[in-house]
$ cat structure_6.txt   # compact mmCIF, N, CA and C atoms
# COMPACT_ATOMS: atom_id res chain seq x y z
N MET A 285 -29.88 49.50 -15.50
CA MET A 285 -29.80 48.76 -14.25
C MET A 285 -29.42 47.30 -14.50
N THR A 286 -29.95 46.72 -15.59
CA THR A 286 -29.66 45.33 -15.91
C THR A 286 -28.17 45.12 -16.19
N ILE A 287 -27.56 46.07 -16.87
CA ILE A 287 -26.13 45.95 -17.19
C ILE A 287 -25.30 46.04 -15.91
N ILE A 288 -25.66 46.94 -15.01
CA ILE A 288 -24.94 47.07 -13.75
C ILE A 288 -25.07 45.78 -12.94
N ALA A 289 -26.27 45.22 -12.89
CA ALA A 289 -26.49 43.96 -12.16
C ALA A 289 -25.63 42.85 -12.75
N ALA A 290 -25.59 42.76 -14.07
CA ALA A 290 -24.79 41.71 -14.72
C ALA A 290 -23.30 41.89 -14.43
N ILE A 291 -22.83 43.12 -14.44
CA ILE A 291 -21.42 43.40 -14.14
C ILE A 291 -21.11 43.00 -12.70
N LEU A 292 -21.99 43.33 -11.78
CA LEU A 292 -21.77 42.98 -10.38
C LEU A 292 -21.78 41.47 -10.16
N VAL A 293 -22.69 40.77 -10.80
CA VAL A 293 -22.73 39.31 -10.70
C VAL A 293 -21.44 38.72 -11.27
N ALA A 294 -21.00 39.24 -12.40
CA ALA A 294 -19.75 38.76 -13.00
C ALA A 294 -18.56 39.01 -12.09
N LEU A 295 -18.53 40.15 -11.42
CA LEU A 295 -17.43 40.44 -10.49
C LEU A 295 -17.42 39.47 -9.31
N VAL A 296 -18.60 39.14 -8.80
CA VAL A 296 -18.67 38.15 -7.71
C VAL A 296 -18.16 36.80 -8.22
N ALA A 297 -18.55 36.44 -9.43
CA ALA A 297 -18.09 35.17 -10.01
C ALA A 297 -16.57 35.16 -10.18
N VAL A 298 -16.02 36.24 -10.70
CA VAL A 298 -14.56 36.34 -10.90
C VAL A 298 -13.84 36.28 -9.55
N GLU A 299 -14.40 36.93 -8.54
CA GLU A 299 -13.80 36.86 -7.20
C GLU A 299 -13.72 35.41 -6.73
N HIS A 300 -14.76 34.63 -7.00
CA HIS A 300 -14.76 33.24 -6.56
C HIS A 300 -13.82 32.36 -7.39
N ILE A 301 -13.58 32.74 -8.61
CA ILE A 301 -12.56 32.04 -9.40
C ILE A 301 -11.17 32.33 -8.80
N TYR A 302 -10.97 33.57 -8.41
CA TYR A 302 -9.70 33.93 -7.76
C TYR A 302 -9.52 33.15 -6.46
N ILE A 303 -10.58 33.04 -5.67
CA ILE A 303 -10.50 32.27 -4.43
C ILE A 303 -10.22 30.81 -4.74
N LEU A 304 -10.86 30.27 -5.78
CA LEU A 304 -10.59 28.90 -6.21
C LEU A 304 -9.10 28.72 -6.49
N ILE A 305 -8.52 29.64 -7.23
CA ILE A 305 -7.10 29.55 -7.58
C ILE A 305 -6.23 29.60 -6.32
N LEU A 306 -6.55 30.53 -5.42
CA LEU A 306 -5.78 30.61 -4.17
C LEU A 306 -5.87 29.33 -3.36
N GLU A 307 -7.08 28.79 -3.22
CA GLU A 307 -7.26 27.63 -2.37
C GLU A 307 -6.81 26.32 -3.01
N MET A 308 -6.99 26.18 -4.30
CA MET A 308 -6.65 24.92 -4.95
C MET A 308 -5.19 24.83 -5.39
N PHE A 309 -4.63 25.94 -5.85
CA PHE A 309 -3.33 25.89 -6.49
C PHE A 309 -2.24 26.71 -5.79
N MET A 310 -2.63 27.65 -4.94
CA MET A 310 -1.65 28.55 -4.34
C MET A 310 -1.69 28.53 -2.81
N TRP A 311 -2.34 27.54 -2.23
CA TRP A 311 -2.62 27.50 -0.80
C TRP A 311 -1.36 27.69 0.06
N THR A 312 -0.25 27.17 -0.36
CA THR A 312 0.97 27.24 0.46
C THR A 312 1.91 28.38 0.05
N THR A 313 1.47 29.24 -0.84
CA THR A 313 2.30 30.36 -1.27
C THR A 313 2.15 31.55 -0.32
N PRO A 314 3.13 32.44 -0.31
CA PRO A 314 3.02 33.62 0.55
C PRO A 314 1.74 34.44 0.31
N ARG A 315 1.31 34.54 -0.92
CA ARG A 315 0.09 35.31 -1.23
C ARG A 315 -1.12 34.71 -0.51
N ALA A 316 -1.29 33.40 -0.60
CA ALA A 316 -2.43 32.74 0.05
C ALA A 316 -2.29 32.75 1.57
N LEU A 317 -1.07 32.55 2.06
CA LEU A 317 -0.86 32.60 3.51
C LEU A 317 -1.29 33.94 4.06
N LYS A 318 -0.93 35.00 3.35
CA LYS A 318 -1.31 36.35 3.79
C LYS A 318 -2.82 36.56 3.65
N ALA A 319 -3.39 36.15 2.53
CA ALA A 319 -4.82 36.36 2.29
C ALA A 319 -5.68 35.66 3.33
N PHE A 320 -5.28 34.47 3.73
CA PHE A 320 -6.09 33.67 4.65
C PHE A 320 -5.58 33.71 6.09
N GLY A 321 -4.46 34.40 6.31
CA GLY A 321 -3.93 34.54 7.67
C GLY A 321 -3.49 33.22 8.27
N THR A 322 -2.87 32.37 7.47
CA THR A 322 -2.44 31.07 7.94
C THR A 322 -0.92 30.99 7.98
N THR A 323 -0.43 29.94 8.61
CA THR A 323 1.00 29.69 8.65
C THR A 323 1.36 28.65 7.59
N LYS A 324 2.62 28.59 7.27
CA LYS A 324 3.09 27.60 6.29
C LYS A 324 2.79 26.17 6.76
N ALA A 325 3.01 25.92 8.04
CA ALA A 325 2.76 24.57 8.58
C ALA A 325 1.27 24.21 8.47
N PHE A 326 0.42 25.14 8.86
CA PHE A 326 -1.02 24.88 8.76
C PHE A 326 -1.43 24.66 7.31
N ALA A 327 -0.89 25.48 6.41
CA ALA A 327 -1.23 25.36 4.99
C ALA A 327 -0.82 23.99 4.45
N GLU A 328 0.34 23.53 4.82
CA GLU A 328 0.79 22.21 4.36
C GLU A 328 -0.13 21.11 4.87
N GLU A 329 -0.54 21.21 6.12
CA GLU A 329 -1.40 20.20 6.73
C GLU A 329 -2.83 20.22 6.18
N SER A 330 -3.27 21.38 5.74
CA SER A 330 -4.67 21.53 5.32
C SER A 330 -4.84 21.68 3.81
N LYS A 331 -3.80 21.34 3.07
CA LYS A 331 -3.80 21.55 1.62
C LYS A 331 -5.00 20.88 0.93
N SER A 332 -5.29 19.64 1.26
CA SER A 332 -6.41 18.95 0.58
C SER A 332 -7.76 19.54 0.99
N LEU A 333 -7.89 19.97 2.23
CA LEU A 333 -9.14 20.61 2.66
C LEU A 333 -9.35 21.94 1.93
N ALA A 334 -8.27 22.68 1.78
CA ALA A 334 -8.36 23.96 1.07
C ALA A 334 -8.73 23.75 -0.39
N ALA A 335 -8.18 22.72 -1.00
CA ALA A 335 -8.51 22.42 -2.40
C ALA A 335 -10.00 22.10 -2.52
N ASN A 336 -10.53 21.38 -1.57
CA ASN A 336 -11.95 21.07 -1.56
C ASN A 336 -12.78 22.36 -1.45
N GLN A 337 -12.37 23.26 -0.57
CA GLN A 337 -13.04 24.56 -0.44
C GLN A 337 -12.98 25.33 -1.75
N GLY A 338 -11.83 25.28 -2.38
CA GLY A 338 -11.66 25.98 -3.65
C GLY A 338 -12.60 25.45 -4.70
N LEU A 339 -12.78 24.15 -4.71
CA LEU A 339 -13.70 23.53 -5.66
C LEU A 339 -15.12 24.07 -5.47
N TYR A 340 -15.54 24.19 -4.22
CA TYR A 340 -16.87 24.73 -3.94
C TYR A 340 -16.99 26.19 -4.39
N ASN A 341 -15.93 26.96 -4.22
CA ASN A 341 -15.95 28.34 -4.72
C ASN A 341 -16.07 28.36 -6.24
N GLY A 342 -15.45 27.38 -6.88
CA GLY A 342 -15.59 27.26 -8.33
C GLY A 342 -17.03 26.96 -8.74
N PHE A 343 -17.70 26.13 -7.95
CA PHE A 343 -19.12 25.84 -8.25
C PHE A 343 -19.97 27.09 -8.13
N LEU A 344 -19.67 27.92 -7.13
CA LEU A 344 -20.42 29.18 -6.99
C LEU A 344 -20.19 30.07 -8.21
N ALA A 345 -18.95 30.18 -8.64
CA ALA A 345 -18.64 30.99 -9.83
C ALA A 345 -19.33 30.43 -11.07
N ALA A 346 -19.27 29.11 -11.23
CA ALA A 346 -19.91 28.48 -12.39
C ALA A 346 -21.41 28.75 -12.39
N GLY A 347 -22.03 28.66 -11.22
CA GLY A 347 -23.46 28.92 -11.14
C GLY A 347 -23.81 30.36 -11.49
N LEU A 348 -22.99 31.29 -11.04
CA LEU A 348 -23.24 32.71 -11.36
C LEU A 348 -23.08 32.96 -12.86
N PHE A 349 -22.05 32.39 -13.46
CA PHE A 349 -21.88 32.55 -14.91
C PHE A 349 -23.01 31.86 -15.67
N TRP A 350 -23.42 30.70 -15.19
CA TRP A 350 -24.56 29.99 -15.79
C TRP A 350 -25.79 30.90 -15.81
N GLY A 351 -26.05 31.54 -14.68
CA GLY A 351 -27.19 32.45 -14.60
C GLY A 351 -27.06 33.63 -15.54
N LEU A 352 -25.85 34.14 -15.68
CA LEU A 352 -25.64 35.28 -16.57
C LEU A 352 -25.87 34.93 -18.04
N PHE A 353 -25.49 33.73 -18.42
CA PHE A 353 -25.53 33.36 -19.84
C PHE A 353 -26.66 32.41 -20.20
N TYR A 354 -27.53 32.13 -19.26
CA TYR A 354 -28.64 31.23 -19.56
C TYR A 354 -29.51 31.85 -20.65
N PRO A 355 -29.93 31.08 -21.66
CA PRO A 355 -30.66 31.66 -22.79
C PRO A 355 -32.00 32.29 -22.44
N ASP A 356 -32.66 31.78 -21.44
CA ASP A 356 -33.94 32.35 -21.00
C ASP A 356 -33.64 33.31 -19.85
N ALA A 357 -33.82 34.61 -20.08
CA ALA A 357 -33.44 35.62 -19.10
C ALA A 357 -34.15 35.44 -17.76
N ALA A 358 -35.41 35.03 -17.78
CA ALA A 358 -36.16 34.86 -16.54
C ALA A 358 -35.57 33.72 -15.70
N VAL A 359 -35.21 32.64 -16.35
CA VAL A 359 -34.60 31.51 -15.64
C VAL A 359 -33.20 31.91 -15.17
N GLY A 360 -32.45 32.60 -16.02
CA GLY A 360 -31.11 33.08 -15.65
C GLY A 360 -31.17 33.98 -14.42
N HIS A 361 -32.17 34.80 -14.35
CA HIS A 361 -32.38 35.70 -13.21
C HIS A 361 -32.54 34.88 -11.93
N GLN A 362 -33.35 33.84 -11.99
CA GLN A 362 -33.57 32.98 -10.82
C GLN A 362 -32.29 32.24 -10.42
N ILE A 363 -31.54 31.80 -11.40
CA ILE A 363 -30.26 31.12 -11.13
C ILE A 363 -29.30 32.08 -10.43
N GLN A 364 -29.23 33.31 -10.91
CA GLN A 364 -28.36 34.31 -10.29
C GLN A 364 -28.78 34.55 -8.84
N LEU A 365 -30.08 34.68 -8.60
CA LEU A 365 -30.57 34.90 -7.24
C LEU A 365 -30.17 33.74 -6.32
N PHE A 366 -30.35 32.53 -6.81
CA PHE A 366 -30.01 31.36 -6.01
C PHE A 366 -28.53 31.35 -5.64
N PHE A 367 -27.66 31.54 -6.62
CA PHE A 367 -26.22 31.45 -6.35
C PHE A 367 -25.71 32.65 -5.55
N LEU A 368 -26.29 33.81 -5.73
CA LEU A 368 -25.90 34.95 -4.89
C LEU A 368 -26.30 34.69 -3.44
N CYS A 369 -27.46 34.09 -3.23
CA CYS A 369 -27.86 33.72 -1.86
C CYS A 369 -26.92 32.67 -1.28
N CYS A 370 -26.47 31.73 -2.10
CA CYS A 370 -25.49 30.74 -1.64
C CYS A 370 -24.19 31.42 -1.21
N VAL A 371 -23.73 32.39 -1.99
CA VAL A 371 -22.52 33.12 -1.64
C VAL A 371 -22.73 33.85 -0.31
N LEU A 372 -23.89 34.47 -0.15
CA LEU A 372 -24.16 35.19 1.10
C LEU A 372 -24.17 34.26 2.30
N VAL A 373 -24.81 33.12 2.17
CA VAL A 373 -24.84 32.15 3.27
C VAL A 373 -23.42 31.69 3.60
N ALA A 374 -22.64 31.39 2.58
CA ALA A 374 -21.25 30.97 2.80
C ALA A 374 -20.44 32.08 3.47
N ALA A 375 -20.66 33.31 3.05
CA ALA A 375 -19.92 34.44 3.64
C ALA A 375 -20.31 34.65 5.10
N ILE A 376 -21.59 34.53 5.40
CA ILE A 376 -22.03 34.68 6.79
C ILE A 376 -21.43 33.57 7.65
N TYR A 377 -21.51 32.36 7.16
CA TYR A 377 -20.95 31.23 7.93
C TYR A 377 -19.44 31.39 8.10
N GLY A 378 -18.76 31.74 7.04
CA GLY A 378 -17.31 31.94 7.12
C GLY A 378 -16.95 33.10 8.03
N GLY A 379 -17.74 34.17 7.98
CA GLY A 379 -17.49 35.33 8.83
C GLY A 379 -17.67 35.02 10.30
N VAL A 380 -18.62 34.15 10.60
CA VAL A 380 -18.89 33.78 11.99
C VAL A 380 -17.90 32.74 12.50
N THR A 381 -17.52 31.79 11.65
CA THR A 381 -16.72 30.66 12.11
C THR A 381 -15.23 30.77 11.81
N ALA A 382 -14.85 31.52 10.80
CA ALA A 382 -13.44 31.53 10.39
C ALA A 382 -12.79 32.90 10.53
N LYS A 383 -13.29 33.88 9.82
CA LYS A 383 -12.62 35.19 9.76
C LYS A 383 -13.68 36.25 9.45
N LYS A 384 -13.82 37.23 10.31
CA LYS A 384 -14.86 38.26 10.14
C LYS A 384 -14.75 39.01 8.81
N SER A 385 -13.55 39.16 8.30
CA SER A 385 -13.37 39.91 7.06
C SER A 385 -14.06 39.26 5.87
N ILE A 386 -14.38 37.98 5.98
CA ILE A 386 -15.10 37.30 4.89
C ILE A 386 -16.45 37.98 4.64
N LEU A 387 -17.04 38.51 5.69
CA LEU A 387 -18.32 39.21 5.53
C LEU A 387 -18.18 40.39 4.57
N MET A 388 -17.08 41.11 4.67
CA MET A 388 -16.87 42.27 3.80
C MET A 388 -16.34 41.86 2.43
N VAL A 389 -15.39 40.93 2.41
CA VAL A 389 -14.72 40.57 1.16
C VAL A 389 -15.63 39.78 0.23
N GLN A 390 -16.41 38.84 0.78
CA GLN A 390 -17.29 38.03 -0.05
C GLN A 390 -18.75 38.41 0.11
N GLY A 391 -19.15 38.70 1.34
CA GLY A 391 -20.56 38.97 1.60
C GLY A 391 -21.07 40.28 1.03
N LEU A 392 -20.30 41.33 1.23
CA LEU A 392 -20.76 42.64 0.75
C LEU A 392 -20.92 42.70 -0.77
N PRO A 393 -19.93 42.24 -1.55
CA PRO A 393 -20.15 42.27 -3.01
C PRO A 393 -21.36 41.43 -3.43
N ALA A 394 -21.55 40.29 -2.79
CA ALA A 394 -22.71 39.46 -3.13
C ALA A 394 -24.01 40.14 -2.76
N LEU A 395 -24.03 40.81 -1.62
CA LEU A 395 -25.24 41.53 -1.20
C LEU A 395 -25.58 42.67 -2.14
N VAL A 396 -24.57 43.42 -2.55
CA VAL A 396 -24.80 44.52 -3.50
C VAL A 396 -25.29 43.96 -4.85
N ALA A 397 -24.65 42.90 -5.32
CA ALA A 397 -25.09 42.28 -6.58
C ALA A 397 -26.51 41.76 -6.44
N LEU A 398 -26.82 41.14 -5.32
CA LEU A 398 -28.17 40.62 -5.10
C LEU A 398 -29.20 41.76 -5.13
N ALA A 399 -28.89 42.86 -4.51
CA ALA A 399 -29.80 44.01 -4.51
C ALA A 399 -30.06 44.49 -5.93
N PHE A 400 -29.02 44.59 -6.74
CA PHE A 400 -29.20 45.04 -8.12
C PHE A 400 -29.96 44.02 -8.96
N VAL A 401 -29.69 42.74 -8.73
CA VAL A 401 -30.44 41.71 -9.48
C VAL A 401 -31.91 41.75 -9.09
N LEU A 402 -32.20 41.95 -7.83
CA LEU A 402 -33.60 42.03 -7.38
C LEU A 402 -34.32 43.24 -7.97
N LEU A 403 -33.57 44.29 -8.24
CA LEU A 403 -34.16 45.52 -8.80
C LEU A 403 -34.40 45.43 -10.31
N THR A 404 -33.86 44.40 -10.96
CA THR A 404 -34.03 44.28 -12.41
C THR A 404 -35.24 43.45 -12.76

$ encode --input "structure_6.txt" --output "structure tokens"
Amino acid sequence: MTIIAAILVALVAVEHIYILILEMFMWTTPRALKAFGTTKAFAEESKSLAANQGLYNGFLAAGLFWGLFYPDAAVGHQIQLFFLCCVLVAAIYGGVTAKKSILMVQGLPALVALAFVLLT
């Protein structure tokens, strides 16, 4: 169970690194426009805001990796719980205010990972 939990936490972290890349470096590309459902004009106007969002997604990923590799497993477990809850809160807020699919794309993986971490 511990290995499955760690894999799920790592997948959530990798997903947030991908989001960081999309928001910070690829915001105006066709891939990001499609992923976020934006127009080229909006993307150009909101480029710095998106980069800021990407940075926050990077912090979430860093925190999850920190929890995975923390030398004291008990403390690492608590760090993982905290950052998974942060991802869930962000997904709920994003799902309510921006795009409902965020609940499934970011929220569901975090919820599943959180459940497995709680079971370990």

$ atom_distance --input "structure_6.txt" --atom1 "atom C of Gln364 in chain A" --atom2 "CA of Lys384 in chain A"
23.8 Å

$ residues_around --input "structure_6.txt" --residues "Gly378 in chain A" --least-positions-apart "3" --cutoff "12 Å" --atoms "only C-alpha atoms" --output "PyMOL selection string"
chain A and resi 320+337+371-375+381-391

$ axis_aligned_box --input "structure_6.txt" --around "range 326-341 of chain A" --padding-each-side "3 Å" --output "JSON"
{"center_x": -8.1, "center_y": 23.7, "center_z": 1.3, "size_x": 23.8, "size_y": 15.4, "size_z": 21.1}

$ closest_residue --input "structure_6.txt" --among "A:Ile305, A:Leu333, A:Leu344, A:Val401" --to "Ala290 in chain A" --atoms "only C-alpha atoms"
A:Val401

$ closest_residue --input "structure_6.txt" --among "A:Trp350, A:His361, A:His300, A:Leu368" --to "Ala397 in chain A" --atoms "only N, CA and C atoms"
A:Leu368

$ atom_distance --input "structure_6.txt" --atom1 "atom C of Leu395 in chain A" --atom2 "atom C of Leu295 in chain A"
11.3 Å

$ atom_distance --input "structure_6.txt" --atom1 "CA of Ile301 in chain A" --atom2 "CA of Ala345 in chain A"
6.2 Å

$ residues_around --input "structure_6.txt" --residues "range 325-330 of chain A" --least-positions-apart "2" --cutoff "12 Å" --atoms "only C-alpha atoms" --output "short mmCIF file (atom, residue, chain, number, x, y, z; two decimals) with N, CA and C atoms, in the coordinates of the input"
data_model
loop_
_atom_site.label_atom_id
_atom_site.label_comp_id
_atom_site.auth_asym_id
_atom_site.auth_seq_id
_atom_site.Cartn_x
_atom_site.Cartn_y
_atom_site.Cartn_z
N LEU A 306 -6.55 30.53 -5.42
CA LEU A 306 -5.78 30.61 -4.17
C LEU A 306 -5.87 29.33 -3.36
N GLU A 307 -7.08 28.79 -3.22
CA GLU A 307 -7.26 27.63 -2.37
C GLU A 307 -6.81 26.32 -3.01
N MET A 308 -6.99 26.18 -4.30
CA MET A 308 -6.65 24.92 -4.95
C MET A 308 -5.19 24.83 -5.39
N PHE A 309 -4.63 25.94 -5.85
CA PHE A 309 -3.33 25.89 -6.49
C PHE A 309 -2.24 26.71 -5.79
N MET A 310 -2.63 27.65 -4.94
CA MET A 310 -1.65 28.55 -4.34
C MET A 310 -1.69 28.53 -2.81
N TRP A 311 -2.34 27.54 -2.23
CA TRP A 311 -2.62 27.50 -0.80
C TRP A 311 -1.36 27.69 0.06
N THR A 312 -0.25 27.17 -0.36
CA THR A 312 0.97 27.24 0.46
C THR A 312 1.91 28.38 0.05
N THR A 313 1.47 29.24 -0.84
CA THR A 313 2.30 30.36 -1.27
C THR A 313 2.15 31.55 -0.32
N PRO A 314 3.13 32.44 -0.31
CA PRO A 314 3.02 33.62 0.55
C PRO A 314 1.74 34.44 0.31
N ARG A 315 1.31 34.54 -0.92
CA ARG A 315 0.09 35.31 -1.23
C ARG A 315 -1.12 34.71 -0.51
N ALA A 316 -1.29 33.40 -0.60
CA ALA A 316 -2.43 32.74 0.05
C ALA A 316 -2.29 32.75 1.57
N LEU A 317 -1.07 32.55 2.06
CA LEU A 317 -0.86 32.60 3.51
C LEU A 317 -1.29 33.94 4.06
N LYS A 318 -0.93 35.00 3.35
CA LYS A 318 -1.31 36.35 3.79
C LYS A 318 -2.82 36.56 3.65
N ALA A 319 -3.39 36.15 2.53
CA ALA A 319 -4.82 36.36 2.29
C ALA A 319 -5.68 35.66 3.33
N PHE A 320 -5.28 34.47 3.73
CA PHE A 320 -6.09 33.67 4.65
C PHE A 320 -5.58 33.71 6.09
N GLY A 321 -4.46 34.40 6.31
CA GLY A 321 -3.93 34.54 7.67
C GLY A 321 -3.49 33.22 8.27
N THR A 322 -2.87 32.37 7.47
CA THR A 322 -2.44 31.07 7.94
C THR A 322 -0.92 30.99 7.98
N THR A 323 -0.43 29.94 8.61
CA THR A 323 1.00 29.69 8.65
C THR A 323 1.36 28.65 7.59
N SER A 332 -5.29 19.64 1.26
CA SER A 332 -6.41 18.95 0.58
C SER A 332 -7.76 19.54 0.99
N LEU A 333 -7.89 19.97 2.23
CA LEU A 333 -9.14 20.61 2.66
C LEU A 333 -9.35 21.94 1.93
N ALA A 334 -8.27 22.68 1.78
CA ALA A 334 -8.36 23.96 1.07
C ALA A 334 -8.73 23.75 -0.39
N ALA A 335 -8.18 22.72 -1.00
CA ALA A 335 -8.51 22.42 -2.40
C ALA A 335 -10.00 22.10 -2.52
N ASN A 336 -10.53 21.38 -1.57
CA ASN A 336 -11.95 21.07 -1.56
C ASN A 336 -12.78 22.36 -1.45
N GLN A 337 -12.37 23.26 -0.57
CA GLN A 337 -13.04 24.56 -0.44
C GLN A 337 -12.98 25.33 -1.75
#

$ closest_residue --input "structure_6.txt" --among "A:Ile363, A:Leu339, A:Cys369, A:Met285" --to "Ile303 in chain A" --atoms "only N, CA and C atoms"
A:Leu339

$ build_atoms --input "structure_6.txt" --residues "range 326-334 of chain A" --atoms "all heavy atoms" --output "PDB file, in the frame of the given file"
ATOM      1  N   PHE A 326       0.420  25.140   8.860  1.00  0.00           N
ATOM      2  CA  PHE A 326      -1.020  24.880   8.760  1.00  0.00           C
ATOM      3  C   PHE A 326      -1.430  24.660   7.310  1.00  0.00           C
ATOM      4  O   PHE A 326      -2.211  23.758   6.996  1.00  0.00           O
ATOM      5  CB  PHE A 326      -1.831  26.036   9.356  1.00  0.00           C
ATOM      6  CG  PHE A 326      -3.309  25.871   9.186  1.00  0.00           C
ATOM      7  CD1 PHE A 326      -4.038  25.071  10.052  1.00  0.00           C
ATOM      8  CD2 PHE A 326      -3.979  26.505   8.140  1.00  0.00           C
ATOM      9  CE1 PHE A 326      -5.405  24.893   9.880  1.00  0.00           C
ATOM     10  CE2 PHE A 326      -5.343  26.341   7.964  1.00  0.00           C
ATOM     11  CZ  PHE A 326      -6.066  25.531   8.835  1.00  0.00           C
ATOM     12  N   ALA A 327      -0.890  25.480   6.410  1.00  0.00           N
ATOM     13  CA  ALA A 327      -1.230  25.360   4.990  1.00  0.00           C
ATOM     14  C   ALA A 327      -0.820  23.990   4.450  1.00  0.00           C
ATOM     15  O   ALA A 327      -1.579  23.372   3.691  1.00  0.00           O
ATOM     16  CB  ALA A 327      -0.567  26.474   4.199  1.00  0.00           C
ATOM     17  N   GLU A 328       0.340  23.530   4.820  1.00  0.00           N
ATOM     18  CA  GLU A 328       0.790  22.210   4.360  1.00  0.00           C
ATOM     19  C   GLU A 328      -0.130  21.110   4.870  1.00  0.00           C
ATOM     20  O   GLU A 328      -0.471  20.187   4.147  1.00  0.00           O
ATOM     21  CB  GLU A 328       2.238  21.942   4.800  1.00  0.00           C
ATOM     22  CG  GLU A 328       3.278  22.766   4.081  1.00  0.00           C
ATOM     23  CD  GLU A 328       3.390  22.468   2.588  1.00  0.00           C
ATOM     24  OE1 GLU A 328       2.986  21.387   2.128  1.00  0.00           O
ATOM     25  OE2 GLU A 328       3.895  23.353   1.863  1.00  0.00           O
ATOM     26  N   GLU A 329      -0.540  21.210   6.120  1.00  0.00           N
ATOM     27  CA  GLU A 329      -1.400  20.200   6.730  1.00  0.00           C
ATOM     28  C   GLU A 329      -2.830  20.220   6.180  1.00  0.00           C
ATOM     29  O   GLU A 329      -3.512  19.204   6.189  1.00  0.00           O
ATOM     30  CB  GLU A 329      -1.447  20.374   8.243  1.00  0.00           C
ATOM     31  CG  GLU A 329      -0.143  20.040   8.938  1.00  0.00           C
ATOM     32  CD  GLU A 329      -0.178  20.359  10.429  1.00  0.00           C
ATOM     33  OE1 GLU A 329      -1.275  20.593  10.978  1.00  0.00           O
ATOM     34  OE2 GLU A 329       0.899  20.361  11.039  1.00  0.00           O
ATOM     35  N   SER A 330      -3.270  21.380   5.740  1.00  0.00           N
ATOM     36  CA  SER A 330      -4.670  21.530   5.320  1.00  0.00           C
ATOM     37  C   SER A 330      -4.840  21.680   3.810  1.00  0.00           C
ATOM     38  O   SER A 330      -5.902  22.076   3.337  1.00  0.00           O
ATOM     39  CB  SER A 330      -5.292  22.739   6.027  1.00  0.00           C
ATOM     40  OG  SER A 330      -4.590  23.917   5.687  1.00  0.00           O
ATOM     41  N   LYS A 331      -3.800  21.340   3.070  1.00  0.00           N
ATOM     42  CA  LYS A 331      -3.800  21.550   1.620  1.00  0.00           C
ATOM     43  C   LYS A 331      -5.000  20.880   0.930  1.00  0.00           C
ATOM     44  O   LYS A 331      -5.657  21.490   0.083  1.00  0.00           O
ATOM     45  CB  LYS A 331      -2.484  21.024   1.048  1.00  0.00           C
ATOM     46  CG  LYS A 331      -2.134  21.544  -0.300  1.00  0.00           C
ATOM     47  CD  LYS A 331      -0.714  21.097  -0.650  1.00  0.00           C
ATOM     48  CE  LYS A 331      -0.315  21.669  -1.985  1.00  0.00           C
ATOM     49  NZ  LYS A 331       1.049  21.340  -2.343  1.00  0.00           N
ATOM     50  N   SER A 332      -5.290  19.640   1.260  1.00  0.00           N
ATOM     51  CA  SER A 332      -6.410  18.950   0.580  1.00  0.00           C
ATOM     52  C   SER A 332      -7.760  19.540   0.990  1.00  0.00           C
ATOM     53  O   SER A 332      -8.676  19.604   0.163  1.00  0.00           O
ATOM     54  CB  SER A 332      -6.362  17.448   0.849  1.00  0.00           C
ATOM     55  OG  SER A 332      -6.531  17.184   2.223  1.00  0.00           O
ATOM     56  N   LEU A 333      -7.890  19.970   2.230  1.00  0.00           N
ATOM     57  CA  LEU A 333      -9.140  20.610   2.660  1.00  0.00           C
ATOM     58  C   LEU A 333      -9.350  21.940   1.930  1.00  0.00           C
ATOM     59  O   LEU A 333     -10.462  22.262   1.518  1.00  0.00           O
ATOM     60  CB  LEU A 333      -9.134  20.835   4.173  1.00  0.00           C
ATOM     61  CG  LEU A 333      -9.158  19.580   5.040  1.00  0.00           C
ATOM     62  CD1 LEU A 333      -8.961  19.945   6.509  1.00  0.00           C
ATOM     63  CD2 LEU A 333     -10.444  18.817   4.846  1.00  0.00           C
ATOM     64  N   ALA A 334      -8.270  22.680   1.780  1.00  0.00           N
ATOM     65  CA  ALA A 334      -8.360  23.960   1.070  1.00  0.00           C
ATOM     66  C   ALA A 334      -8.730  23.750  -0.390  1.00  0.00           C
ATOM     67  O   ALA A 334      -9.529  24.509  -0.957  1.00  0.00           O
ATOM     68  CB  ALA A 334      -7.041  24.717   1.175  1.00  0.00           C
TER      69      ALA A 334
END
